[in-house]
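Asks: Just one file: coords26.cif, with mmCIF, C-alpha atoms.
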data_my_file
loop_
_atom_site.group_PDB
_atom_site.id
_atom_site.type_symbol
_atom_site.label_atom_id
_atom_site.label_comp_id
_atom_site.auth_asym_id
_atom_site.auth_seq_id
_atom_site.Cartn_x
_atom_site.Cartn_y
_atom_site.Cartn_z
ATOM 1 C CA MET A 1431 82.483 23.985 85.256
ATOM 2 C CA GLU A 1432 85.894 22.648 86.307
ATOM 3 C CA LEU A 1433 87.619 25.790 85.031
ATOM 4 C CA LEU A 1434 85.212 27.932 87.058
ATOM 5 C CA LYS A 1435 85.937 25.886 90.178
ATOM 6 C CA LEU A 1436 89.674 26.271 89.580
ATOM 7 C CA ILE A 1437 89.413 30.047 89.133
ATOM 8 C CA HIS A 1438 87.210 30.242 92.222
ATOM 9 C CA LEU A 1439 89.556 28.142 94.354
ATOM 10 C CA LEU A 1440 92.782 29.819 93.229
ATOM 11 C CA SER A 1441 91.284 33.234 93.907
ATOM 12 C CA ILE A 1442 90.247 32.137 97.395
ATOM 13 C CA VAL A 1443 93.724 30.757 98.073
ATOM 14 C CA ILE A 1444 95.297 34.070 97.049
ATOM 15 C CA TRP A 1445 92.929 36.213 99.153
ATOM 16 C CA VAL A 1446 92.511 34.097 102.282
ATOM 17 C CA GLY A 1447 96.067 32.750 102.163
ATOM 18 C CA GLY A 1448 97.351 36.296 101.802
ATOM 19 C CA MET A 1449 95.382 37.414 104.852
ATOM 20 C CA PHE A 1450 96.694 34.433 106.813
ATOM 21 C CA PHE A 1451 100.300 35.249 105.907
ATOM 22 C CA VAL A 1452 99.879 38.941 106.666
ATOM 23 C CA TYR A 1453 98.152 38.387 109.990
ATOM 24 C CA MET A 1454 99.918 35.328 111.366
ATOM 25 C CA VAL A 1455 103.463 35.771 109.985
ATOM 26 C CA LEU A 1456 104.286 39.284 108.784
ATOM 27 C CA ARG A 1457 102.375 41.284 111.413
ATOM 28 C CA PRO A 1458 104.084 39.782 114.488
ATOM 29 C CA VAL A 1459 107.537 40.090 112.926
ATOM 30 C CA ALA A 1460 106.960 43.696 111.843
ATOM 31 C CA ALA A 1461 105.729 44.609 115.332
ATOM 32 C CA GLU A 1462 108.770 42.966 116.887
ATOM 33 C CA VAL A 1463 111.551 44.409 114.735
ATOM 34 C CA LEU A 1464 110.311 47.731 113.345
ATOM 35 C CA GLN A 1465 109.661 51.095 114.963
ATOM 36 C CA PRO A 1466 106.296 52.794 114.200
ATOM 37 C CA PRO A 1467 107.517 54.920 111.253
ATOM 38 C CA GLU A 1468 109.162 51.976 109.483
ATOM 39 C CA ARG A 1469 106.278 49.658 110.372
ATOM 40 C CA SER A 1470 103.725 52.065 108.911
ATOM 41 C CA GLN A 1471 105.789 52.481 105.757
ATOM 42 C CA LEU A 1472 106.112 48.713 105.405
ATOM 43 C CA TRP A 1473 102.377 48.179 105.833
ATOM 44 C CA ASN A 1474 101.568 50.927 103.368
ATOM 45 C CA GLN A 1475 103.637 49.124 100.724
ATOM 46 C CA VAL A 1476 102.347 45.665 101.696
ATOM 47 C CA PHE A 1477 98.710 46.782 101.510
ATOM 48 C CA SER A 1478 99.304 48.587 98.231
ATOM 49 C CA ARG A 1479 100.592 45.394 96.629
ATOM 50 C CA PHE A 1480 98.207 43.008 98.379
ATOM 51 C CA PHE A 1481 95.115 45.018 97.463
ATOM 52 C CA LYS A 1482 96.154 44.930 93.796
ATOM 53 C CA TRP A 1483 95.668 41.159 94.082
ATOM 54 C CA VAL A 1484 92.552 41.229 96.267
ATOM 55 C CA TRP A 1485 90.512 43.440 93.942
ATOM 56 C CA PRO A 1486 90.663 41.119 90.918
ATOM 57 C CA THR A 1487 90.505 37.901 92.947
ATOM 58 C CA SER A 1488 87.471 39.082 94.911
ATOM 59 C CA VAL A 1489 85.700 39.921 91.645
ATOM 60 C CA LEU A 1490 86.664 36.514 90.219
ATOM 61 C CA ILE A 1491 85.373 34.760 93.347
ATOM 62 C CA LEU A 1492 82.048 36.555 93.151
ATOM 63 C CA LEU A 1493 81.568 36.146 89.394
ATOM 64 C CA SER A 1494 82.668 32.509 89.242
ATOM 65 C CA GLY A 1495 80.534 31.649 92.278
ATOM 66 C CA LEU A 1496 77.440 33.351 90.888
ATOM 67 C CA TYR A 1497 77.941 31.741 87.494
ATOM 68 C CA MET A 1498 78.285 28.284 89.057
ATOM 69 C CA ILE A 1499 75.054 28.921 90.977
ATOM 70 C CA HIS A 1500 73.462 29.874 87.652
ATOM 71 C CA LEU A 1501 74.732 26.655 86.046
ATOM 72 C CA TYR A 1502 73.117 24.637 88.855
ATOM 73 C CA GLY A 1503 69.797 26.321 88.110
ATOM 74 C CA GLY A 1504 69.877 29.225 90.549
ATOM 75 C CA MET A 1505 69.681 29.722 94.296
ATOM 76 C CA LYS A 1506 66.540 27.585 94.502
ATOM 77 C CA PHE A 1507 68.530 24.499 93.431
ATOM 78 C CA VAL A 1508 71.745 24.810 95.443
ATOM 79 C CA SER A 1509 72.368 23.563 98.966
ATOM 80 C CA HIS A 1510 72.106 25.675 102.095
ATOM 81 C CA SER A 1511 75.891 25.573 102.307
ATOM 82 C CA VAL A 1512 76.110 27.484 99.011
ATOM 83 C CA HIS A 1513 73.697 30.081 100.397
ATOM 84 C CA LEU A 1514 75.893 30.433 103.476
ATOM 85 C CA MET A 1515 79.098 30.646 101.383
ATOM 86 C CA LEU A 1516 77.549 33.418 99.296
ATOM 87 C CA LEU A 1517 76.462 35.320 102.396
ATOM 88 C CA LEU A 1518 79.890 34.992 104.033
ATOM 89 C CA GLY A 1519 81.606 35.998 100.794
ATOM 90 C CA LEU A 1520 79.447 39.097 100.421
ATOM 91 C CA VAL A 1521 80.175 40.116 104.019
ATOM 92 C CA MET A 1522 83.895 39.613 103.348
ATOM 93 C CA LEU A 1523 83.664 41.807 100.251
ATOM 94 C CA LEU A 1524 81.915 44.552 102.206
ATOM 95 C CA ILE A 1525 84.558 44.418 104.935
ATOM 96 C CA PHE A 1526 87.322 44.534 102.336
ATOM 97 C CA ALA A 1527 85.707 47.536 100.625
ATOM 98 C CA TYR A 1528 85.437 49.274 104.001
ATOM 99 C CA VAL A 1529 89.075 48.496 104.814
ATOM 100 C CA PHE A 1530 90.200 49.832 101.457
ATOM 101 C CA PHE A 1531 88.046 52.941 101.091
ATOM 102 C CA ALA A 1532 87.544 54.017 104.711
ATOM 103 C CA GLN A 1533 90.774 52.851 106.321
ATOM 104 C CA TYR A 1534 93.605 52.123 103.888
ATOM 105 C CA LEU A 1535 93.239 55.280 101.797
ATOM 106 C CA ARG A 1536 93.276 57.328 105.016
ATOM 107 C CA PHE A 1537 96.215 55.301 106.357
ATOM 108 C CA SER A 1538 98.175 55.887 103.162
ATOM 109 C CA LYS A 1539 97.650 59.655 103.423
ATOM 110 C CA LEU A 1540 98.746 59.627 107.072
ATOM 111 C CA VAL A 1541 101.904 57.717 106.157
ATOM 112 C CA ALA A 1542 102.648 60.192 103.347
ATOM 113 C CA SER A 1543 102.290 63.072 105.822
ATOM 114 C CA LYS A 1544 104.416 61.187 108.396
ATOM 115 C CA ASP A 1545 101.673 61.304 111.030
ATOM 116 C CA TRP A 1546 102.872 58.121 112.737
ATOM 117 C CA PRO A 1547 100.573 58.163 115.797
ATOM 118 C CA GLN A 1548 97.427 58.556 113.690
ATOM 119 C CA ALA A 1549 98.689 56.046 111.125
ATOM 120 C CA GLY A 1550 99.298 53.569 113.943
ATOM 121 C CA GLY A 1551 95.724 53.963 115.159
ATOM 122 C CA VAL A 1552 94.299 53.330 111.707
ATOM 123 C CA LEU A 1553 96.652 50.369 111.300
ATOM 124 C CA GLN A 1554 95.203 48.829 114.470
ATOM 125 C CA THR A 1555 91.698 49.151 113.019
ATOM 126 C CA ILE A 1556 92.831 47.551 109.760
ATOM 127 C CA ARG A 1557 94.501 44.731 111.735
ATOM 128 C CA LYS A 1558 91.249 43.941 113.578
ATOM 129 C CA LEU A 1559 89.212 43.991 110.377
ATOM 130 C CA ILE A 1560 91.694 41.706 108.616
ATOM 131 C CA ALA A 1561 91.543 39.303 111.577
ATOM 132 C CA PHE A 1562 87.752 39.229 111.335
ATOM 133 C CA ASN A 1563 87.809 38.811 107.557
ATOM 134 C CA LEU A 1564 90.387 36.034 107.853
ATOM 135 C CA SER A 1565 88.087 34.255 110.319
ATOM 136 C CA LEU A 1566 85.183 34.587 107.885
ATOM 137 C CA GLY A 1567 87.361 33.309 105.034
ATOM 138 C CA LEU A 1568 88.427 30.233 107.006
ATOM 139 C CA LEU A 1569 84.823 29.620 108.070
ATOM 140 C CA THR A 1570 83.745 29.851 104.429
ATOM 141 C CA ILE A 1571 86.303 27.188 103.511
ATOM 142 C CA VAL A 1572 84.965 24.952 106.289
ATOM 143 C CA VAL A 1573 81.435 25.446 104.964
ATOM 144 C CA ALA A 1574 82.628 24.633 101.428
ATOM 145 C CA VAL A 1575 84.207 21.357 102.543
ATOM 146 C CA LEU A 1576 81.849 20.202 105.294
ATOM 147 C CA GLY A 1577 78.706 22.244 104.695
ATOM 148 C CA ARG A 1578 76.615 19.720 102.807
ATOM 149 C CA SER A 1579 77.109 17.242 105.643
ATOM 150 C CA PHE A 1580 75.762 19.608 108.281
ATOM 151 C CA LEU A 1581 73.424 22.071 106.571
#
Please express the file's structure as structure tokens.
Replies:
Amino acid sequence: MELLKLIHLLSIVIWVGGMFFVYMVLRPVAAEVLQPPERSQLWNQVFSRFFKWVWPTSVLILLSGLYMIHLYGGMKFVSHSVHLMLLLGLVMLLIFAYVFFAQYLRFSKLVASKDWPQAGGVLQTIRKLIAFNLSLGLLTIVVAVLGRSFL
């Protein structure tokens, strides 16, 4: 069980911590110092590398979480906070899948074709979705730490 918790926690740190860094540190600097073509190229490379980490960590989060629920006897035997964490995690996964398949793949094609205005518009959508997913990730961590006390 401890190994599962470690895998779960490390995967969350990579995903949520990565979103925090991207949104709170890299995004403002890139907007300040780069022109739209360079900014779009930077983000295309950043997302390409970041998503290679998010795919496996999101799967590990889901599988380790579900297996821990199984070890506790199933959903009937876990606290409401675990139910809420699972719900928030599933919403985060759906948002990530939407960002990747509906936004990032399109963004990457726009960058390759050097359509900077369109790429910038898609980038703004991705930025908003990452901000929302980051908020959900931080809320999930709060629920994990404080949830049993309040739910």
Asks: Taking all atoms listed in the file into account, which of A:Val1529, A:Ile1499, A:Val1463, A:Ile1442 comes nearest Gln1554 (chain A)?
Replies: A:Val1529
Asks: With 9 Å as the cut-off and only C-alpha atoms counted, what is the closest atom pair between each nearby residue of region 1528-1550 of chain A and region 1470-1483 of chain A? Distances in Å to one decimal, ordered by chain and number, as CSV.
Replies:
residue,atom,partner,partner_atom,distance
A:Phe1530,CA,A:Phe1481,CA,8.0
A:Tyr1534,CA,A:Phe1477,CA,7.8
A:Phe1537,CA,A:Asn1474,CA,7.5
A:Ser1538,CA,A:Asn1474,CA,6.0
A:Val1541,CA,A:Gln1471,CA,6.5
A:Ala1542,CA,A:Gln1471,CA,8.7
A:Trp1546,CA,A:Ser1470,CA,7.2
A:Ala1549,CA,A:Ser1470,CA,6.8
A:Gly1550,CA,A:Ser1470,CA,6.9
Asks: Tell me, in Å to one decimal, how far CA of Gly1504 (chain A) is from CA of Leu1566 (chain A).
Replies: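 CA of Gly1504 (chain A) sits 23.7 Å away from CA of Leu1566 (chain A).
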Asks: Counting all atoms listed in the file, which residue out of A:Leu1434, A:Ala1460, A:Met1515, A:Leu1492 sits closest to Leu1568 (chain A)?
Replies: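 Ranked by minimum distance to Leu1568 (chain A), first place goes to A:Met1515.
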Asks: From the options A:Ala1532, A:Met1522, A:Leu1517, A:Met1498, which residue's atoms come nearest to Phe1562 (chain A), counting all atoms listed in the file?
Replies: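 Closest to Phe1562 (chain A), using all atoms listed in the file: A:Met1522.
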Asks: For Met1449 (chain A), which residue out of A:Leu1516, A:Ile1560, A:Val1575, A:Ile1491 is the nearest one, using all atoms listed in the file?
Replies: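 Nearest to Met1449 (chain A): A:Ile1560.
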Asks: I'd like to see the residues matched by the PyMOL selection byres ((chain A and resi 1494) around 12) on this file, and ideally I'd get them as a ChimeraX atom specification.
Replies: /A:1431-1442,1486-1493,1495-1501,1516
Asks: Just checking: using all atoms listed in the file, which residue out of A:Val1512, A:Leu1540, A:Leu1520, A:Leu1553 ends up closest to Val1572 (chain A)?
Replies: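 Among the listed residues, the smallest separation from Val1572 (chain A) belongs to A:Val1512.
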Asks: Please compute the CA of Phe1580 (chain A)-CA of Phe1450 (chain A) distance, one decimal, in Å.
Replies: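 Here the two named atoms are 25.7 Å from each other.
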Asks: May I ask which of the residues A:Ile1525, A:Leu1535, A:Val1459, A:Ala1574 is the closest one to Val1552 (chain A), counting all atoms listed in the file?
Replies: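 Under the stated criterion, the closest residue is A:Leu1535.
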Asks: Can you complete the atoms of region 1538-1564 of chain A to N, CA and C atoms and list them as a PDB file, keeping the file's coordinate frame?
Replies:
ATOM      1  N   SER A1538      97.160  55.538 104.139  1.00  0.00           N
ATOM      2  CA  SER A1538      98.175  55.887 103.162  1.00  0.00           C
ATOM      3  C   SER A1538      98.472  57.389 103.186  1.00  0.00           C
ATOM      4  N   LYS A1539      97.451  58.201 103.328  1.00  0.00           N
ATOM      5  CA  LYS A1539      97.650  59.655 103.423  1.00  0.00           C
ATOM      6  C   LYS A1539      98.390  60.025 104.704  1.00  0.00           C
ATOM      7  N   LEU A1540      98.065  59.358 105.808  1.00  0.00           N
ATOM      8  CA  LEU A1540      98.746  59.627 107.072  1.00  0.00           C
ATOM      9  C   LEU A1540     100.222  59.242 107.000  1.00  0.00           C
ATOM     10  N   VAL A1541     100.508  58.131 106.334  1.00  0.00           N
ATOM     11  CA  VAL A1541     101.904  57.717 106.157  1.00  0.00           C
ATOM     12  C   VAL A1541     102.635  58.745 105.303  1.00  0.00           C
ATOM     13  N   ALA A1542     102.006  59.201 104.227  1.00  0.00           N
ATOM     14  CA  ALA A1542     102.648  60.192 103.347  1.00  0.00           C
ATOM     15  C   ALA A1542     102.946  61.489 104.100  1.00  0.00           C
ATOM     16  N   SER A1543     102.069  61.845 105.051  1.00  0.00           N
ATOM     17  CA  SER A1543     102.290  63.072 105.822  1.00  0.00           C
ATOM     18  C   SER A1543     103.111  62.821 107.090  1.00  0.00           C
ATOM     19  N   LYS A1544     103.562  61.579 107.258  1.00  0.00           N
ATOM     20  CA  LYS A1544     104.416  61.187 108.396  1.00  0.00           C
ATOM     21  C   LYS A1544     103.739  61.402 109.748  1.00  0.00           C
ATOM     22  N   ASP A1545     102.432  61.219 109.780  1.00  0.00           N
ATOM     23  CA  ASP A1545     101.673  61.304 111.030  1.00  0.00           C
ATOM     24  C   ASP A1545     101.616  59.898 111.633  1.00  0.00           C
ATOM     25  N   TRP A1546     102.715  59.498 112.263  1.00  0.00           N
ATOM     26  CA  TRP A1546     102.872  58.121 112.737  1.00  0.00           C
ATOM     27  C   TRP A1546     101.866  57.720 113.808  1.00  0.00           C
ATOM     28  N   PRO A1547     101.555  58.585 114.788  1.00  0.00           N
ATOM     29  CA  PRO A1547     100.573  58.163 115.797  1.00  0.00           C
ATOM     30  C   PRO A1547      99.190  57.886 115.198  1.00  0.00           C
ATOM     31  N   GLN A1548      98.736  58.770 114.328  1.00  0.00           N
ATOM     32  CA  GLN A1548      97.427  58.556 113.690  1.00  0.00           C
ATOM     33  C   GLN A1548      97.461  57.338 112.768  1.00  0.00           C
ATOM     34  N   ALA A1549      98.547  57.210 112.020  1.00  0.00           N
ATOM     35  CA  ALA A1549      98.689  56.046 111.125  1.00  0.00           C
ATOM     36  C   ALA A1549      98.646  54.753 111.935  1.00  0.00           C
ATOM     37  N   GLY A1550      99.306  54.754 113.091  1.00  0.00           N
ATOM     38  CA  GLY A1550      99.298  53.569 113.943  1.00  0.00           C
ATOM     39  C   GLY A1550      97.903  53.214 114.426  1.00  0.00           C
ATOM     40  N   GLY A1551      97.112  54.213 114.737  1.00  0.00           N
ATOM     41  CA  GLY A1551      95.724  53.963 115.159  1.00  0.00           C
ATOM     42  C   GLY A1551      94.888  53.353 114.048  1.00  0.00           C
ATOM     43  N   VAL A1552      95.038  53.882 112.851  1.00  0.00           N
ATOM     44  CA  VAL A1552      94.299  53.330 111.707  1.00  0.00           C
ATOM     45  C   VAL A1552      94.790  51.914 111.409  1.00  0.00           C
ATOM     46  N   LEU A1553      96.087  51.702 111.538  1.00  0.00           N
ATOM     47  CA  LEU A1553      96.652  50.369 111.300  1.00  0.00           C
ATOM     48  C   LEU A1553      96.054  49.340 112.261  1.00  0.00           C
ATOM     49  N   GLN A1554      95.821  49.748 113.504  1.00  0.00           N
ATOM     50  CA  GLN A1554      95.203  48.829 114.470  1.00  0.00           C
ATOM     51  C   GLN A1554      93.780  48.457 114.042  1.00  0.00           C
ATOM     52  N   THR A1555      93.050  49.422 113.518  1.00  0.00           N
ATOM     53  CA  THR A1555      91.698  49.151 113.019  1.00  0.00           C
ATOM     54  C   THR A1555      91.757  48.186 111.841  1.00  0.00           C
ATOM     55  N   ILE A1556      92.668  48.436 110.914  1.00  0.00           N
ATOM     56  CA  ILE A1556      92.831  47.551 109.760  1.00  0.00           C
ATOM     57  C   ILE A1556      93.194  46.144 110.228  1.00  0.00           C
ATOM     58  N   ARG A1557      94.080  46.036 111.206  1.00  0.00           N
ATOM     59  CA  ARG A1557      94.501  44.731 111.735  1.00  0.00           C
ATOM     60  C   ARG A1557      93.295  43.950 112.258  1.00  0.00           C
ATOM     61  N   LYS A1558      92.433  44.606 113.016  1.00  0.00           N
ATOM     62  CA  LYS A1558      91.249  43.941 113.578  1.00  0.00           C
ATOM     63  C   LYS A1558      90.292  43.495 112.474  1.00  0.00           C
ATOM     64  N   LEU A1559      90.119  44.338 111.478  1.00  0.00           N
ATOM     65  CA  LEU A1559      89.212  43.991 110.377  1.00  0.00           C
ATOM     66  C   LEU A1559      89.771  42.837 109.544  1.00  0.00           C
ATOM     67  N   ILE A1560      91.079  42.821 109.344  1.00  0.00           N
ATOM     68  CA  ILE A1560      91.694  41.706 108.616  1.00  0.00           C
ATOM     69  C   ILE A1560      91.547  40.415 109.418  1.00  0.00           C
ATOM     70  N   ALA A1561      91.720  40.493 110.735  1.00  0.00           N
ATOM     71  CA  ALA A1561      91.543  39.303 111.577  1.00  0.00           C
ATOM     72  C   ALA A1561      90.122  38.766 111.452  1.00  0.00           C
ATOM     73  N   PHE A1562      89.146  39.658 111.468  1.00  0.00           N
ATOM     74  CA  PHE A1562      87.752  39.229 111.335  1.00  0.00           C
ATOM     75  C   PHE A1562      87.493  38.647 109.946  1.00  0.00           C
ATOM     76  N   ASN A1563      88.017  39.306 108.916  1.00  0.00           N
ATOM     77  CA  ASN A1563      87.809  38.811 107.557  1.00  0.00           C
ATOM     78  C   ASN A1563      88.519  37.473 107.338  1.00  0.00           C
ATOM     79  N   LEU A1564      89.686  37.318 107.923  1.00  0.00           N
ATOM     80  CA  LEU A1564      90.387  36.034 107.853  1.00  0.00           C
ATOM     81  C   LEU A1564      89.544  34.945 108.500  1.00  0.00           C
TER      82      LEU A1564
END
